[in-house]
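Below is the file my_file-v9.txt, which contains compact mmCIF, C-alpha atoms.
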```txt
# COMPACT_ATOMS: atom_id res chain seq x y z
CA MET A 1 6.59 90.03 -35.57
CA THR A 2 4.84 87.38 -33.46
CA ASN A 3 1.51 87.72 -31.69
CA ASN A 4 3.20 87.23 -28.34
CA LYS A 5 1.97 90.01 -26.04
CA LYS A 6 4.37 89.36 -23.20
CA SER A 7 6.36 92.31 -21.96
CA ALA A 8 9.92 92.95 -23.12
CA LYS A 9 11.11 92.06 -19.63
CA GLN A 10 9.35 88.68 -19.78
CA ARG A 11 10.77 87.93 -23.24
CA LEU A 12 14.26 88.86 -22.10
CA SER A 13 13.95 86.58 -19.08
CA LYS A 14 12.85 83.73 -21.32
CA ASP A 15 15.63 84.29 -23.85
CA VAL A 16 18.31 84.54 -21.18
CA SER A 17 17.00 81.28 -19.77
CA ARG A 18 17.28 79.65 -23.21
CA ARG A 19 20.83 80.95 -23.48
CA GLY A 20 21.60 79.24 -20.18
CA VAL A 21 20.24 75.99 -21.59
CA LEU A 22 22.36 76.53 -24.71
CA LEU A 23 25.48 76.58 -22.58
CA GLY A 24 24.31 73.91 -20.17
CA ALA A 25 25.93 74.32 -16.77
CA GLY A 26 28.40 76.81 -18.19
CA GLY A 27 26.23 79.93 -18.54
CA VAL A 28 27.81 83.31 -19.15
CA ILE A 29 27.40 85.30 -15.95
CA GLY A 30 28.81 88.77 -15.46
CA GLY A 31 31.11 88.45 -18.45
CA GLY A 32 32.63 85.15 -17.23
CA LEU A 33 32.06 81.49 -18.04
CA VAL A 34 31.08 79.30 -15.09
CA GLY A 35 31.94 75.65 -15.62
CA ALA A 36 32.22 73.85 -18.96
CA ALA A 37 29.77 74.16 -21.86
CA GLY A 38 27.00 71.59 -21.86
CA GLY A 39 24.60 70.33 -24.50
CA TYR A 40 23.52 72.40 -27.45
CA SER A 41 20.32 72.75 -29.43
CA VAL A 42 18.75 75.33 -31.69
CA ALA A 43 15.62 76.77 -30.13
CA SER A 44 12.94 78.28 -32.36
CA THR A 45 11.70 81.84 -32.20
CA GLY A 46 8.75 83.60 -33.72
CA ALA A 47 8.68 84.62 -37.37
CA PRO A 48 9.82 88.11 -38.42
CA ALA A 49 7.56 90.73 -39.87
CA ALA A 50 5.51 89.53 -42.82
CA PRO A 51 7.78 89.44 -45.91
CA GLY A 52 5.03 90.76 -48.15
CA GLU A 53 5.06 94.05 -46.28
CA LEU A 54 8.38 94.86 -47.91
CA GLN A 55 6.82 95.03 -51.36
CA GLN A 56 5.83 98.47 -52.54
CA THR A 57 5.03 100.58 -55.56
CA VAL A 58 7.40 103.46 -56.20
CA SER A 59 6.47 106.56 -58.20
CA VAL A 60 9.15 107.91 -60.52
CA SER A 61 9.23 110.62 -63.16
CA PRO A 62 11.71 109.77 -65.91
CA GLY A 63 10.29 112.42 -68.20
CA VAL A 64 6.82 110.85 -68.18
CA ALA A 65 4.14 112.00 -65.75
CA ASN A 66 2.67 109.53 -63.25
CA THR A 67 4.94 106.66 -64.28
CA LYS A 68 4.94 103.89 -61.70
CA VAL A 69 7.45 101.09 -61.22
CA SER A 70 6.36 98.06 -59.23
CA VAL A 71 8.99 96.58 -56.95
CA SER A 72 8.08 92.96 -57.54
CA GLN A 73 11.15 91.41 -55.93
CA PRO A 74 11.21 91.78 -52.12
CA TYR A 75 15.00 91.63 -51.90
CA GLY A 76 14.93 92.23 -48.16
CA THR A 77 13.39 88.81 -47.48
CA ASP A 78 15.99 86.84 -49.45
CA THR A 79 17.83 84.37 -47.24
CA VAL A 80 20.93 82.23 -47.66
CA SER A 81 20.99 78.93 -45.80
CA PHE A 82 23.36 78.95 -42.84
CA TYR A 83 23.54 75.22 -42.17
CA GLY A 84 25.33 72.95 -44.59
CA ALA A 85 28.58 71.13 -45.33
CA ARG A 86 30.31 74.42 -46.22
CA GLN A 87 30.04 77.89 -44.79
CA ALA A 88 28.19 80.50 -46.82
CA GLY A 89 29.71 83.80 -47.93
CA ILE A 90 32.68 82.34 -49.79
CA ASP A 91 31.88 81.45 -53.39
CA SER A 92 28.32 82.76 -53.61
CA PRO A 93 27.38 86.10 -55.26
CA ILE A 94 28.86 89.05 -53.37
CA GLN A 95 26.54 91.30 -51.36
CA ALA A 96 26.40 95.09 -51.10
CA HIS A 97 27.85 95.46 -47.58
CA GLY A 98 30.60 93.65 -45.71
CA ILE A 99 31.93 93.93 -42.17
CA PHE A 100 35.09 92.10 -41.14
CA ILE A 101 35.76 91.65 -37.44
CA GLY A 102 39.11 90.44 -36.13
CA LEU A 103 39.08 89.11 -32.56
CA ASN A 104 41.86 88.34 -30.10
CA LEU A 105 41.14 85.63 -27.57
CA HIS A 106 41.30 86.47 -23.86
CA ASP A 107 44.16 84.81 -22.01
CA ASP A 108 41.74 82.57 -20.11
CA SER A 109 39.84 81.41 -23.22
CA ASP A 110 40.84 77.76 -23.27
CA ALA A 111 39.37 75.03 -25.48
CA ASP A 112 36.17 74.77 -23.44
CA ARG A 113 35.57 78.51 -23.56
CA ILE A 114 36.33 78.71 -27.28
CA ALA A 115 33.82 75.92 -27.89
CA ALA A 116 31.25 77.79 -25.81
CA MET A 117 31.87 80.98 -27.80
CA MET A 118 31.45 79.18 -31.11
CA ARG A 119 28.19 77.59 -29.94
CA LEU A 120 26.79 81.01 -29.12
CA LEU A 121 28.06 82.58 -32.34
CA THR A 122 26.77 79.72 -34.48
CA ASP A 123 23.31 79.77 -32.94
CA ASP A 124 22.88 83.51 -33.33
CA ALA A 125 24.36 83.57 -36.83
CA ALA A 126 21.89 80.87 -37.88
CA ARG A 127 18.99 82.92 -36.54
CA LEU A 128 20.09 86.27 -37.94
CA THR A 129 20.73 84.97 -41.45
CA GLN A 130 17.15 83.69 -41.57
CA GLY A 131 15.61 86.98 -40.43
CA ARG A 132 15.13 86.04 -36.78
CA GLY A 133 16.39 87.88 -33.76
CA ALA A 134 19.36 86.61 -31.80
CA LEU A 135 18.84 85.11 -28.37
CA ALA A 136 18.00 87.85 -25.83
CA ASP A 137 17.53 90.24 -28.78
CA LEU A 138 15.26 93.12 -27.75
CA ASP A 139 15.54 94.64 -31.24
CA GLU A 140 14.58 91.60 -33.29
CA GLU A 141 12.75 93.81 -35.80
CA LEU A 142 16.19 94.88 -37.07
CA ALA A 143 16.79 91.31 -38.20
CA ALA A 144 13.53 90.94 -40.13
CA ALA A 145 15.03 91.84 -43.53
CA PRO A 146 18.17 89.68 -43.79
CA ALA A 147 18.68 90.53 -47.49
CA ARG A 148 21.03 87.60 -48.24
CA LEU A 149 22.82 88.02 -44.92
CA THR A 150 25.70 85.58 -44.45
CA VAL A 151 28.07 85.06 -41.53
CA THR A 152 31.39 83.27 -42.04
CA PHE A 153 33.86 82.31 -39.31
CA GLY A 154 37.59 81.63 -39.52
CA PHE A 155 40.44 80.79 -37.15
CA GLY A 156 43.98 82.04 -36.73
CA SER A 157 46.90 80.04 -35.37
CA GLU A 158 46.11 80.70 -31.72
CA VAL A 159 42.78 78.89 -31.89
CA PHE A 160 44.55 75.72 -33.03
CA GLU A 161 47.23 76.07 -30.38
CA ARG A 162 44.52 76.14 -27.69
CA THR A 163 42.39 73.37 -29.15
CA ASN A 164 43.91 70.88 -31.61
CA SER A 165 47.29 71.85 -33.03
CA SER A 166 47.43 68.68 -35.13
CA LEU A 167 44.75 70.14 -37.43
CA LYS A 168 46.60 73.42 -37.99
CA PRO A 169 47.41 73.81 -41.71
CA SER A 170 51.05 74.56 -42.59
CA TRP A 171 50.10 77.75 -44.44
CA LEU A 172 48.36 79.30 -41.41
CA LYS A 173 50.92 81.98 -40.64
CA PRO A 174 51.54 85.65 -41.52
CA LEU A 175 52.29 86.35 -45.16
CA PRO A 176 55.94 87.06 -46.07
CA GLU A 177 57.16 90.61 -45.48
CA TYR A 178 56.94 92.56 -48.74
CA GLY A 179 58.75 95.77 -49.54
CA ILE A 180 55.49 97.39 -50.64
CA ASP A 181 53.84 96.78 -47.26
CA GLN A 182 53.35 99.39 -44.55
CA LEU A 183 51.30 97.24 -42.20
CA ASP A 184 49.35 98.87 -39.42
CA PRO A 185 48.80 96.67 -36.33
CA ALA A 186 45.27 98.12 -36.20
CA PHE A 187 44.40 96.04 -39.29
CA THR A 188 46.76 93.08 -38.98
CA GLY A 189 46.58 89.60 -37.45
CA GLY A 190 43.84 88.24 -35.22
CA ASP A 191 42.79 84.94 -33.67
CA VAL A 192 39.24 84.76 -35.05
CA ILE A 193 37.57 86.38 -38.05
CA ILE A 194 33.84 87.05 -38.34
CA GLN A 195 32.78 88.05 -41.85
CA VAL A 196 29.27 89.54 -42.04
CA GLN A 197 27.83 90.29 -45.48
CA GLY A 198 24.42 91.34 -46.72
CA ASP A 199 22.47 93.67 -48.95
CA ASP A 200 20.90 95.68 -46.13
CA ALA A 201 23.19 97.86 -44.02
CA MET A 202 20.74 97.77 -41.11
CA SER A 203 20.64 93.99 -40.75
CA VAL A 204 24.42 93.79 -41.26
CA ALA A 205 25.02 96.34 -38.49
CA HIS A 206 22.57 94.58 -36.20
CA ALA A 207 24.25 91.22 -36.81
CA ARG A 208 27.63 92.73 -35.98
CA ARG A 209 26.36 94.03 -32.65
CA MET A 210 24.67 90.77 -31.69
CA LEU A 211 27.72 88.66 -32.58
CA LEU A 212 30.10 90.94 -30.71
CA LYS A 213 27.89 90.64 -27.63
CA ASP A 214 28.25 86.87 -27.91
CA ALA A 215 32.04 87.06 -28.19
CA ARG A 216 32.88 89.70 -25.61
CA ALA A 217 33.22 87.28 -22.66
CA PHE A 218 35.80 85.27 -24.62
CA ALA A 219 37.64 87.72 -26.91
CA SER A 220 38.31 91.39 -27.55
CA VAL A 221 38.06 93.29 -30.82
CA ALA A 222 41.40 93.50 -32.63
CA TRP A 223 40.02 95.43 -35.60
CA ILE A 224 36.86 96.07 -37.58
CA GLN A 225 36.76 96.91 -41.28
CA ASN A 226 33.61 98.12 -43.05
CA GLY A 227 33.22 97.91 -46.79
CA PHE A 228 30.72 98.19 -49.62
CA THR A 229 30.14 97.29 -53.25
CA HIS A 230 27.32 98.25 -55.62
CA ALA A 231 23.83 98.44 -54.18
CA ARG A 232 21.78 95.45 -55.19
CA ALA A 233 19.63 96.11 -58.28
CA SER A 234 21.78 99.09 -59.26
CA HIS A 235 23.27 96.82 -61.95
CA PRO A 236 22.11 93.59 -63.58
CA GLU A 237 22.66 90.43 -61.52
CA GLY A 238 26.10 88.99 -62.14
CA THR A 239 27.77 92.32 -62.94
CA THR A 240 31.38 92.42 -61.71
CA VAL A 241 31.81 95.01 -58.98
CA ARG A 242 34.16 97.98 -59.35
CA ASN A 243 36.74 99.37 -56.97
CA LEU A 244 37.15 103.09 -56.33
CA PHE A 245 39.77 103.39 -59.07
CA GLY A 246 36.81 102.71 -61.37
CA GLN A 247 38.18 99.31 -62.39
CA VAL A 248 36.25 96.04 -62.43
CA ASP A 249 37.44 93.90 -59.53
CA GLY A 250 37.07 90.13 -59.68
CA SER A 251 36.67 89.54 -63.42
CA THR A 252 38.64 86.30 -63.27
CA ASN A 253 36.48 84.69 -60.59
CA SER A 254 35.16 81.32 -61.65
CA ALA A 255 31.47 80.53 -61.31
CA GLN A 256 29.98 79.09 -58.14
CA ASP A 257 29.83 75.27 -58.24
CA SER A 258 32.08 75.19 -61.32
CA ILE A 259 34.82 72.58 -61.64
CA GLU A 260 37.43 75.33 -61.31
CA THR A 261 35.91 76.76 -58.12
CA GLU A 262 35.61 73.30 -56.59
CA ARG A 263 39.31 72.79 -57.13
CA ILE A 264 40.85 76.15 -56.29
CA VAL A 265 38.65 76.91 -53.26
CA TRP A 266 37.75 73.49 -51.90
CA GLY A 267 40.49 71.24 -53.27
CA VAL A 268 38.04 68.92 -55.02
CA GLY A 269 38.79 67.36 -58.43
CA GLU A 270 41.73 67.24 -60.79
CA GLY A 271 41.45 70.65 -62.42
CA ASP A 272 41.72 71.36 -66.15
CA GLY A 273 45.12 69.78 -66.76
CA ASN A 274 47.05 73.08 -66.73
CA GLY A 275 47.72 73.06 -63.00
CA THR A 276 50.96 71.87 -61.46
CA LYS A 277 50.04 71.63 -57.78
CA ASP A 278 48.57 68.98 -55.54
CA LEU A 279 45.77 70.99 -53.92
CA GLN A 280 44.46 69.34 -50.78
CA PRO A 281 42.12 71.09 -48.33
CA TRP A 282 43.34 71.31 -44.74
CA ILE A 283 40.04 69.68 -43.81
CA GLU A 284 37.13 68.49 -45.95
CA ASN A 285 34.87 71.41 -46.91
CA GLY A 286 37.30 73.87 -45.36
CA THR A 287 39.36 76.53 -47.13
CA SER A 288 41.59 79.53 -46.42
CA MET A 289 41.04 83.27 -46.29
CA VAL A 290 43.54 86.06 -46.90
CA ILE A 291 42.43 89.58 -46.06
CA ARG A 292 44.55 92.57 -47.03
CA ARG A 293 43.65 96.21 -46.45
CA ILE A 294 45.00 98.23 -49.37
CA ALA A 295 45.13 102.02 -49.20
CA MET A 296 44.50 103.60 -52.61
CA ASN A 297 45.82 107.01 -53.58
CA VAL A 298 42.81 107.92 -55.68
CA ASP A 299 43.71 111.62 -55.79
CA GLU A 300 47.03 111.04 -57.57
CA TRP A 301 45.41 108.29 -59.63
CA ASP A 302 42.99 110.93 -60.93
CA GLU A 303 45.96 112.83 -62.36
CA LEU A 304 46.39 110.08 -64.96
CA ASP A 305 44.35 110.29 -68.13
CA ARG A 306 42.07 107.42 -69.06
CA PRO A 307 44.48 105.61 -71.44
CA ALA A 308 47.23 105.74 -68.80
CA GLN A 309 44.94 104.25 -66.17
CA GLU A 310 43.98 101.48 -68.58
CA ASP A 311 47.65 100.74 -69.31
CA VAL A 312 48.44 100.38 -65.60
CA ILE A 313 45.70 97.80 -65.14
CA GLY A 314 45.74 96.21 -68.59
CA ARG A 315 41.96 96.55 -68.97
CA LYS A 316 39.59 99.02 -70.58
CA LEU A 317 37.76 101.11 -68.02
CA GLY A 318 34.36 101.03 -69.64
CA SER A 319 33.89 97.36 -70.48
CA GLY A 320 36.51 95.82 -68.23
CA ALA A 321 37.85 93.95 -71.27
CA PRO A 322 41.59 93.30 -71.54
CA LEU A 323 43.32 95.78 -73.83
CA THR A 324 43.52 93.04 -76.46
CA GLY A 325 39.83 92.11 -76.26
CA GLN A 326 36.30 93.43 -76.58
CA ASN A 327 34.48 91.85 -73.63
CA GLU A 328 35.27 91.63 -69.95
CA HIS A 329 35.85 87.89 -69.87
CA ASP A 330 37.94 87.67 -73.04
CA GLU A 331 41.31 86.04 -72.48
CA PRO A 332 44.12 88.63 -72.63
CA ASP A 333 46.72 88.20 -75.37
CA PHE A 334 50.01 88.96 -73.66
CA GLU A 335 51.95 88.37 -76.89
CA ALA A 336 50.15 91.07 -78.88
CA ILE A 337 52.40 93.91 -80.07
CA GLY A 338 51.13 97.42 -80.69
CA PRO A 339 51.97 99.79 -83.60
CA ALA A 340 54.98 101.23 -81.75
CA GLY A 341 56.48 97.79 -81.27
CA PHE A 342 55.66 97.45 -77.57
CA PRO A 343 53.34 94.88 -75.95
CA VAL A 344 49.72 96.03 -75.96
CA ILE A 345 49.48 94.76 -72.37
CA SER A 346 52.58 95.89 -70.51
CA ASP A 347 54.75 93.34 -68.73
CA ILE A 348 54.23 95.29 -65.50
CA SER A 349 50.48 95.81 -65.89
CA HIS A 350 48.37 94.53 -63.04
CA ILE A 351 46.64 91.75 -64.96
CA ARG A 352 49.94 90.57 -66.47
CA ARG A 353 51.61 90.25 -63.07
CA ALA A 354 48.55 88.51 -61.59
CA ARG A 355 48.32 85.92 -64.37
CA THR A 356 50.27 82.68 -64.74
CA SER A 357 50.23 79.63 -66.96
CA ASP A 358 49.55 77.54 -63.86
CA SER A 359 45.79 77.46 -63.47
CA ASP A 360 46.16 76.37 -59.84
CA GLU A 361 47.50 79.81 -58.93
CA ALA A 362 43.99 81.16 -58.70
CA MET A 363 41.56 82.35 -56.05
CA ILE A 364 38.07 83.68 -55.53
CA ARG A 365 38.22 87.42 -54.89
CA ARG A 366 35.51 88.84 -52.65
CA SER A 367 36.69 92.39 -52.09
CA TYR A 368 34.96 95.46 -50.67
CA ASN A 369 35.67 99.18 -50.99
CA TYR A 370 36.15 101.49 -48.04
CA ASP A 371 35.83 105.27 -48.09
CA GLU A 372 36.47 107.00 -44.80
CA GLU A 373 36.70 110.55 -43.54
CA PRO A 374 40.10 111.97 -44.46
CA SER A 375 42.19 113.87 -41.97
CA SER A 376 42.53 117.58 -42.71
CA SER A 377 46.19 117.23 -43.63
CA GLY A 378 45.89 113.87 -45.33
CA ASN A 379 47.54 110.60 -44.42
CA GLU A 380 51.20 111.01 -45.33
CA LEU A 381 51.90 107.35 -44.57
CA TYR A 382 49.60 106.30 -47.40
CA GLY A 383 50.39 109.24 -49.68
CA GLN A 384 46.83 110.56 -49.39
CA THR A 385 46.21 114.27 -49.65
CA GLY A 386 43.30 115.09 -47.39
CA ILE A 387 40.66 114.81 -50.12
CA SER A 388 40.18 111.05 -49.86
CA GLU A 389 41.02 108.18 -47.55
CA THR A 390 39.96 105.34 -49.75
CA GLY A 391 40.94 101.78 -50.37
CA LEU A 392 40.09 98.14 -50.84
CA ILE A 393 39.44 95.38 -48.34
CA PHE A 394 40.94 92.66 -50.51
CA VAL A 395 39.58 89.24 -49.59
CA ALA A 396 40.69 86.04 -51.27
CA PHE A 397 39.63 82.44 -50.70
CA GLN A 398 41.77 79.55 -51.91
CA CYS A 399 42.49 75.97 -50.92
CA ASP A 400 46.18 76.51 -50.05
CA VAL A 401 47.72 79.92 -49.33
CA ASP A 402 51.32 78.81 -49.93
CA GLN A 403 50.65 77.16 -53.28
CA GLN A 404 48.06 79.55 -54.71
CA TYR A 405 48.14 82.97 -53.12
CA ILE A 406 51.84 83.48 -52.33
CA PRO A 407 53.16 83.03 -55.91
CA VAL A 408 50.70 85.65 -57.18
CA GLN A 409 51.48 88.09 -54.38
CA ASP A 410 55.22 87.62 -54.96
CA ARG A 411 54.85 88.72 -58.58
CA LEU A 412 52.64 91.67 -57.70
CA ALA A 413 55.05 92.87 -55.00
CA GLU A 414 57.99 92.57 -57.37
CA SER A 415 56.88 94.78 -60.25
CA ASP A 416 53.19 95.60 -60.44
CA HIS A 417 52.80 99.10 -61.92
CA LEU A 418 49.75 99.60 -59.69
CA ASN A 419 52.03 99.63 -56.63
CA LEU A 420 52.72 103.31 -57.34
CA TRP A 421 49.18 104.14 -56.24
CA THR A 422 48.48 101.45 -53.62
CA ILE A 423 49.93 100.47 -50.23
CA PRO A 424 48.98 97.32 -48.28
CA VAL A 425 48.36 98.51 -44.72
CA GLY A 426 46.70 95.45 -43.16
CA SER A 427 47.13 91.70 -43.52
CA ALA A 428 45.79 88.51 -41.97
CA VAL A 429 45.38 84.82 -42.82
CA PHE A 430 42.66 82.52 -41.46
CA ALA A 431 41.63 78.89 -41.80
CA ILE A 432 37.96 78.60 -42.70
CA PRO A 433 36.41 75.49 -41.09
CA PRO A 434 33.57 73.52 -42.66
CA GLY A 435 29.94 74.39 -42.13
CA CYS A 436 27.77 72.51 -39.67
CA GLN A 437 24.35 70.95 -39.40
CA GLU A 438 21.57 72.12 -37.13
CA GLY A 439 22.48 71.16 -33.58
CA GLY A 440 26.21 71.49 -34.26
CA PHE A 441 28.51 74.49 -34.32
CA ILE A 442 31.21 75.96 -36.57
CA GLY A 443 34.63 74.58 -35.68
CA GLU A 444 33.33 71.53 -33.85
CA GLU A 445 35.96 69.39 -35.62
CA LEU A 446 38.64 71.00 -33.45
CA PHE A 447 36.96 69.67 -30.31
CA ALA A 448 36.16 66.11 -31.41
```
Take the structure in the file and give it back as structure tokens.
Amino acid sequence: MTNNKKSAKQRLSKDVSRRGVLLGAGGVIGGGLVGAAGGYSVASTGAPAAPGELQQTVSVSPGVANTKVSVSQPYGTDTVSFYGARQAGIDSPIQAHGIFIGLNLHDDSDADRIAAMMRLLTDDAARLTQGRGALADLDEELAAAPARLTVTFGFGSEVFERTNSSLKPSWLKPLPEYGIDQLDPAFTGGDVIIQVQGDDAMSVAHARRMLLKDARAFASVAWIQNGFTHARASHPEGTTVRNLFGQVDGSTNSAQDSIETERIVWGVGEGDGNGTKDLQPWIENGTSMVIRRIAMNVDEWDELDRPAQEDVIGRKLGSGAPLTGQNEHDEPDFEAIGPAGFPVISDISHIRRARTSDSDEAMIRRSYNYDEEPSSSGNELYGQTGISETGLIFVAFQCDVDQQYIPVQDRLAESDHLNLWTIPVGSAVFAIPPGCQEGGFIGEELFA
């Protein structure tokens, strides 16, 4: 916290004034935008609570009296840079918590109002990710432990139609209708996506509230999805997360900054020679996002024994290794034949249907689990029994949805054995614009 002893009312007055400067003549008054947005700058605020205060010594008793473990890494103070050529939260290590917010633009949100909204969102996202309160934030203490907080923005078709349709990528449209889908409008579509991720549920929740306050004069909430992975430090850094079927999820992700990631996410480079597609980003340092909400019938899945579950996926539960390997990242041998004369990895196993000889048909998976309160009678639509209402918020980033994502999804929809226990119930596609520098805002290319 700062040493500023002014009253909360005085601070609020000052912050609201700064927000007016942020919008120039077009300040947000009474939920409406008056005039057009003016100049933009990032104002500084005081520093958050002293990072060192988050360090502590924890007493534990693992069979030995008075054993102490020193928490030497103050994870809560870790920050990820917001400003840069590319947006954060795409190919960096996944965090423990994720919130996905779909927005629908108000009818009167024209290009000027959309630009004003993105200025506000950008400024507050930049502050929050660095552990600083948003403008007019009376609860700035809740932002003091960002814990690798990232905020990522994306646009649906409607944003381009109201701003610059010439920049709209050809793949920015709903995915094809698949026979396995039972899409719920409550989790489908949207004009704008805000992805908030971090290792601290408190700062993630606070960021969500602040960003929604920014957007409410320009858009309404279409849907919100909350998800989680492993708590940070519960496993060694770099451990692949698991979904609630117990399976590793994202084993085939390439490393950040690798040649493969540069090509399949950002469209940079020539690939490894095994690809067949001309991958070009819709805009430099931009990419695409597919988000699918997948209901998982974990209760019926539990009726399978362990070998049967492994056969469905094509991986060993414990290590995550393919059934023909020993380690998680071993290449599966789809030609291997077992003692009974059948393929060791079934032709309809999940990893077999997801794989291809074309290395361009790849993506970065950044998926989160959800586990919500079941209804007393269960959700018959999803085949759930009343014990669990569980699933996966499947998130994939790739340079070109049509060339990379669709071929994989086509194969999975056709004959993936896992479809017996999963149902896609939500779906949306967004264009992810480049990052920005301090003084700019996300999506500014659409308003040039």
(message) For a cutoff of 8 Å around the file-coordinate point (51.3, 73.9, -59.6), which residues qualify once you count all atoms listed in the file? I'd like the result as a list in words.
(response) Gly275, Thr276, Lys277, Asp278, Asp358, Ser359, Asp360, Glu361 and Gln403 of chain A
inquiry  = Give me the residues near segment 142-153 of chain A as a list in words, where near means some atom within 6 Å (using only C-alpha atoms) and where sequence neighbours in that chain fewer than 3 positions away do not count.
reply    = Pro48, Ala49, Tyr75, Gly76, Thr77, Asp78, Thr79, Val80, Gly89, Thr129, Gly131, Arg132, Gly133, Asp139, Ile193, Ile194, Gln195, Val196, Gln197, Gly198, Asp199, Asp200 and Ser203 of chain A
Exercise. To one decimal in Å, tell me the separation between atom CA of Ser357 of chain A and atom CA of Asn419 of chain A.
Key: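 So the two atoms, atom CA of Ser357 of chain A and atom CA of Asn419 of chain A, lie 22.6 Å apart.
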- Task: Using atom CA of Ser170 of chain A and atom CA of Val395 of chain A as the two end points, give the distance in Å to one decimal.
- Result: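 Going from atom CA of Ser170 of chain A over to atom CA of Val395 of chain A covers 19.9 Å.
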Of A:Met118, A:Ile99, A:Ile291, A:Val429, the one nearest to Glu444 of chain A when counting all atoms listed in the file is A:Met118
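Between atom CA of Leu128 of chain A and atom CA of Gly439 of chain A lies a distance of 15.9 Å.
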Quick one: residues within 9 Å of Glu158 of chain A, all atoms listed in the file, excluding same-chain residues fewer than 4 positions away - as number ranges by chain? A: 104-105, 162-163, 190-192
Given only C-alpha atoms as the counted atoms, nearest of A:Glu270, A:Glu372, A:Glu389, A:Asp347 to Asp299 of chain A: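 For Asp299 of chain A, the nearest of the given residues is A:Glu389.
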Of A:Arg365, A:Ile259, A:Leu418, A:Ala215, the one sitting nearest Val312 of chain A when using all atoms listed in the file is A:Leu418
Polymer residues at most 7 Å from Val265 of chain A, all atoms listed in the file, same-chain spacing of 6 or more positions, as number ranges by chain
A: 287, 363, 397-399
Min atom-atom distance to Ser165 of chain A from the set A:Ala111, A:Ser388, A:Asp410, A:Asn253, counting only C-alpha atoms, belongs to A:Ala111
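Closest approach to Gly314 of chain A among A:Asn226, A:Ser349, A:Ser166, A:Thr188 is made by A:Ser349 (distances from only C-alpha atoms).
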> With only C-alpha atoms as the atoms that count, which of A:Cys436, A:Pro339, A:Ile387, A:Val221 lies nearest to Asp302 of chain A?
Replying inline: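 For Asp302 of chain A, the nearest of the given residues is A:Ile387.
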8 Å contact set for segment 342-345 of chain A, only C-alpha atoms, chain neighbours under 3 positions out, as a ChimeraX atom specification:
/A:311,314,323-324,333-339,349,352
Since the input is missing atoms, can you rebuild N, CA and C atoms for segment 117-130 of chain A and write them as a short mmCIF file (atom, residue, chain, number, x, y, z; two decimals), in the coordinates of the input?
```cif
data_model
loop_
_atom_site.label_atom_id
_atom_site.label_comp_id
_atom_site.auth_asym_id
_atom_site.auth_seq_id
_atom_site.Cartn_x
_atom_site.Cartn_y
_atom_site.Cartn_z
N MET A 117 32.03 79.79 -26.96
CA MET A 117 31.87 80.98 -27.80
C MET A 117 31.33 80.62 -29.17
N MET A 118 31.88 79.56 -29.77
CA MET A 118 31.45 79.18 -31.11
C MET A 118 30.03 78.64 -31.11
N ARG A 119 29.58 78.01 -30.03
CA ARG A 119 28.19 77.59 -29.94
C ARG A 119 27.26 78.80 -29.96
N LEU A 120 27.60 79.80 -29.16
CA LEU A 120 26.79 81.01 -29.12
C LEU A 120 26.77 81.71 -30.47
N LEU A 121 27.96 81.89 -31.06
CA LEU A 121 28.06 82.58 -32.34
C LEU A 121 27.30 81.83 -33.43
N THR A 122 27.45 80.53 -33.45
CA THR A 122 26.77 79.72 -34.48
C THR A 122 25.26 79.85 -34.35
N ASP A 123 24.76 79.71 -33.14
CA ASP A 123 23.31 79.77 -32.94
C ASP A 123 22.75 81.11 -33.37
N ASP A 124 23.40 82.20 -32.97
CA ASP A 124 22.88 83.51 -33.33
C ASP A 124 23.07 83.82 -34.80
N ALA A 125 24.17 83.37 -35.39
CA ALA A 125 24.36 83.57 -36.83
C ALA A 125 23.29 82.85 -37.62
N ALA A 126 22.94 81.63 -37.19
CA ALA A 126 21.89 80.87 -37.88
C ALA A 126 20.57 81.61 -37.81
N ARG A 127 20.25 82.19 -36.68
CA ARG A 127 18.99 82.92 -36.54
C ARG A 127 19.00 84.19 -37.40
N LEU A 128 20.04 84.97 -37.26
CA LEU A 128 20.09 86.27 -37.94
C LEU A 128 20.04 86.12 -39.45
N THR A 129 20.73 85.14 -40.00
CA THR A 129 20.73 84.97 -41.45
C THR A 129 19.37 84.57 -42.00
N GLN A 130 18.49 84.08 -41.13
CA GLN A 130 17.15 83.69 -41.57
C GLN A 130 16.10 84.72 -41.19
#
```
